[in-house]
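Since the structure comes first, as C-alpha cells, the remarks are kept for the end.
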Amino acid sequence: MNSNAQELQAVERAESELVDESATFFAPVSSDMLDGLLGQYQAHKRGIEQLAEALLGDEFRAAMSYFLEASEVRGGHYLSLSSLANVDAAIAVLDASYWSKALALTDVLDCMPQSRRDEWNKAISERKTVPFAEEAVRPTIADMLASRHKYFCERVDGIFRGLSGTHVTNEPQGFSKRMILSYVLRDGYPNHSRAGLINDLRSVIGTFMDRPGLKHYETGNLLRRIAESHAWGEWHDIDGGAVRIRIYRGVGTAHVEIHPDVAYRLNGVLASLYPTAIPAKFRTRPKSKSKTFKLMERPLPFAVLRLLEAGGVGRHEAAGTWEFSFSYSGKDEGKPAVRETERVLESIGGVPSKYGFMFDYNPTAVLNTIRISGCIPDAASFQYYPTPITVAEAADEMLGADQPGDAYLEPSAGIGGLAALLPRDRTTCVEISSLRCGVLRARGYQAQQADFIEWAAAARAGSTRWNKCLMNPPYADGRALAHLQEASTLVRAGGRIVAILPASMRGKDLLEGWEGEWSSVFSNEFAGTGVSVAIYAASCPR
C-alpha cells in the first residue's frame, strides 16, 4: 500500500471517530424568539430616532441648551446637543446590544472556538457590528447552527495554534501529552483569550467524555481559584484526570497535561483538517493506558460546579458554624443540578438549612478543591459508605471506656463519622481521598492521606502504636480482612480493635491469639446499599 493510500485511510479512521455534537452543540432557538427580538429592536430604534428628532427640532432645541449648560456647571464638562443626539452612534450601541442578545439565545459563545469569540466580543465592545436587521440576523444565526462540525474542528485547531512556540515541549506536528501556554495569567488575573484556549480544550474533552455544558467563562473562574490559593507550580487534576494543570506566577505560564488517549483523539481531528501534515505516530492509539492519572474521581456536571461557584460561605459566630448559601441565580440551572449539588454538600458533611447547608467546620478550602478539580471521590471505587450513627455508637461502646492517654487509630476515616466519637486530640485518621482528608483537617483531626495498607507497612517500621482502633474498612476484593489484619499490627499489647465488617464474616476467628467477640447483625442500615454488617471486637494479648 502506498503512502497516499495510508494517509487516506488514517484520515477516514480519524473522521469516523469524531463525536457528533449535533444534539448538544447549540441550545435550540425558535423563530418566535428571533421575531420577538427583532420586534424589540425596531421599537427601540424608532424611539431613538424620534427622541433625536424632538431634541434637535425647533420646539425643544432652545430649552435643551439650558439643560446642557446646567449639566456643564455641575459636571465641568461641555456636551453639545449634536453629540448628545447622535443617532448613528446610538444605533451602533443598539446594534451591538441586540447582537449580544441574539448570540445568547443560542448559547453560541459557549460553542465557538476562542478566536471567533474574540472577534465577536471585539465587534460588540467596539460597537462595530453590522446592523441588526432581519436580512442579516436570520442567515447569520442559521449559518452558526449549520456550522457545528466546522466549529468543533476549529476549536481543536485553535487550541493547537495557540500553544506557545517558545517551549520545546510543544510538538509542532500534533498534540502531545504535555503542552505549555504562556501569559495565561496577567498580574495574577486570568487572561481572557488564553484562558479561552484551555476552556476550548476542556470543552472538546467534555464532548469525548459525554459531559457537555461548559460555559465559555468557566476556565477563567478555575484559573482565578488556583491563583487565589497561591498554589504556584503545583499540579491540579481537573475533569476526572483527563487534564492536569499547573501555573507559574512569573509570566503566568500554564503547563497543561492531557491523558494520552485524549491526545490521540485530538490528533484525529487535526488529521481530518490537515491529512498530510500529522505524522502517523501522532495518529496511533496508545498501546496502554497511563498509570499516572486518577481513575477514582467522579466528574460533576458543569451545572453543579456553577452552583458551587456562585454560592458563598458565611460564619455564624454565636453557633460556631458555617453556612453555604445558594445564589439566587442557581434556579436557572434546573432542579436536577440543584439536587446533585445538595448531595455533594452532604457528602462533605453539610446539613440542610434554611438557605443552604450548615457545616461544623469552615468548608471554603474543601469547596475550592471541588471547584478546581470538578470532581468528588467515586463512592464505589473508594468503597466509601458513611457509617450510620446507630452502628457507630454500638461499635464505640464495644471499644470500651476511654482511659487517660489512650491513643486512637481510625484507618478509613472518610469525613470523620467514627472519629467524631473519639478524643480529637488523641486520634490519628488515615484516609485515601485527598478531598476527605481536607474535611478531616478542617475539623481539627490529625489526618494522613494514604492507602492504609501502604501506610501501615511504613508505620510498622516506626515505634508508634495505638491503644485502640475503631474502623469501618472497605469490603470489596477481600479488603475488609486485609485492613483488619494490618490494623492489628499497630495495636499495643492489651489494646483493643473494633471493626464494622460484612455479616458474612460473623462468627469467624479473624485474629489468631486475640480474644474476639461479635455483635448481632445490622441489616439495611447503610444508605445506598443493602449490605448487612456485624461488629467484631478483639483484645490484643499482653
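By order of appearance in the C-alpha cells: chains A, B, ..., then residues from 1 within every chain, and ligands from 1 in the order shown.
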
Quiz item: Quick one: residues within 12 Å of A:Ala365, only C-alpha atoms counted, chain neighbours fewer than 4 positions away excluded, as a VMD selection string?
Solution: chain A and resid 225 to 226 228 to 229 312 to 313 348 361 369 to 372 435 to 443

Quiz prompt | Distance query A:Ala493 at most 12 Å, only C-alpha atoms, self and fewer than 6 positions along chain excluded, as JSON, numbers by chain | solution = {"A": [465, 466, 467, 468, 513, 514, 538, 539, 540, 541, 542]}

Practice problem: Apply DSSP to the backbone of this structure and, from stretch 475-535 of chain A, keep only the residues in helix (DSSP H, G or I); write these as a PyMOL selection string. | Solution: chain A and resi 476-488+503-505

Quiz item: Got a sec: who's within 9 Å of stretch 410-426 of chain A, counting only C-alpha atoms, leaving out chain neighbours fewer than 3 positions off, as a PyMOL selection string?
Solution: chain A and resi 347-349+384-389+392-393+395-396+402+405-407+429-433+436-440+443-447+451-452+456+468-474+483+487

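Each of A:Cys111, A:Ala303, A:Leu197, A:Ala92 was checked against A:Phe132 using only C-alpha atoms; the smallest atom-to-atom distance is that of A:Ala92.
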
Exercise. Write out as number ranges by chain the residues lying within 10 Å of stretch 516-523 of chain A, counting only C-alpha atoms and excluding same-chain residues fewer than 6 positions away.
Key: A: 390-391, 394-395, 398, 496-510, 530-540

Let me see the file: selected residues, C-alpha atoms, as a short mmCIF file (atom, residue, chain, number, x, y, z; two decimals), in the first residue's frame.
```
data_model
loop_
_atom_site.label_atom_id
_atom_site.label_comp_id
_atom_site.auth_asym_id
_atom_site.auth_seq_id
_atom_site.Cartn_x
_atom_site.Cartn_y
_atom_site.Cartn_z
CA THR A 390 -26.69 3.56 65.26
CA VAL A 391 -23.90 1.28 64.09
CA ALA A 394 -22.69 0.39 69.03
CA ALA A 395 -19.10 0.00 67.77
CA MET A 398 -17.70 -2.20 72.24
CA ARG A 496 -8.44 -3.27 71.53
CA ILE A 497 -9.67 -3.20 67.95
CA VAL A 498 -13.28 -2.83 66.82
CA ALA A 499 -14.25 -3.25 63.17
CA ILE A 500 -17.54 -3.00 61.30
CA LEU A 501 -17.45 -5.94 58.87
CA PRO A 502 -19.69 -7.78 56.38
CA ALA A 503 -22.18 -10.03 58.17
CA SER A 504 -20.85 -12.98 56.13
CA MET A 505 -17.69 -12.86 58.28
CA ARG A 506 -19.62 -13.09 61.54
CA GLY A 507 -18.59 -15.93 63.84
CA LYS A 508 -15.12 -16.36 62.36
CA ASP A 509 -11.96 -16.15 64.43
CA LEU A 510 -10.24 -13.40 62.44
CA GLY A 530 -28.39 -3.30 51.15
CA VAL A 531 -25.31 -4.73 52.89
CA SER A 532 -25.72 -6.32 56.32
CA VAL A 533 -22.92 -5.87 58.84
CA ALA A 534 -21.76 -7.11 62.21
CA ILE A 535 -19.28 -5.59 64.65
CA TYR A 536 -16.14 -7.52 65.55
CA ALA A 537 -14.26 -6.55 68.73
CA ALA A 538 -10.99 -8.15 69.84
CA SER A 539 -8.39 -7.57 72.53
CA CYS A 540 -4.67 -7.94 71.86
#
```

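The residue that comes closest to A:Arg315, out of A:Phe357, A:Tyr189, A:Tyr274, A:Trp235 and on the basis of only C-alpha atoms, is A:Phe357.
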
Exercise. Identify, on the basis of only C-alpha atoms, every residue whose closest approach to A:Thr321 does not exceed 8 Å; exclude the query and any residue fewer than 4 positions from it along the same chain; express the result as a ChimeraX atom specification.
Key: /A:315-317,358-362

Serialized selection, N, CA and C atoms, as a PDB file, in the first residue's frame:
```pdb
ATOM      1  N   ARG A 315     -20.144  32.815  58.169  1.00  0.00           N
ATOM      2  CA  ARG A 315     -19.876  32.336  59.529  1.00  0.00           C
ATOM      3  C   ARG A 315     -21.003  32.756  60.464  1.00  0.00           C
ATOM      4  N   HIS A 316     -21.487  31.802  61.284  1.00  0.00           N
ATOM      5  CA  HIS A 316     -22.440  32.084  62.358  1.00  0.00           C
ATOM      6  C   HIS A 316     -21.648  32.071  63.659  1.00  0.00           C
ATOM      7  N   GLU A 317     -21.247  33.256  64.107  1.00  0.00           N
ATOM      8  CA  GLU A 317     -20.338  33.355  65.243  1.00  0.00           C
ATOM      9  C   GLU A 317     -20.906  32.721  66.505  1.00  0.00           C
ATOM     10  N   MET A 358     -25.482  23.727  56.412  1.00  0.00           N
ATOM     11  CA  MET A 358     -24.717  24.120  57.586  1.00  0.00           C
ATOM     12  C   MET A 358     -23.557  23.142  57.796  1.00  0.00           C
ATOM     13  N   PHE A 359     -22.409  23.680  58.228  1.00  0.00           N
ATOM     14  CA  PHE A 359     -21.215  22.877  58.470  1.00  0.00           C
ATOM     15  C   PHE A 359     -20.668  23.162  59.861  1.00  0.00           C
ATOM     16  N   ASP A 360     -20.077  22.124  60.473  1.00  0.00           N
ATOM     17  CA  ASP A 360     -19.420  22.323  61.772  1.00  0.00           C
ATOM     18  C   ASP A 360     -17.947  22.688  61.593  1.00  0.00           C
ATOM     19  N   TYR A 361     -17.540  22.977  60.382  1.00  0.00           N
ATOM     20  CA  TYR A 361     -16.188  23.443  60.075  1.00  0.00           C
ATOM     21  C   TYR A 361     -16.291  24.406  58.903  1.00  0.00           C
ATOM     22  N   ASN A 362     -15.217  25.152  58.653  1.00  0.00           N
ATOM     23  CA  ASN A 362     -15.209  26.073  57.521  1.00  0.00           C
ATOM     24  C   ASN A 362     -14.954  25.280  56.237  1.00  0.00           C
TER      25      ASN A 362
END
```
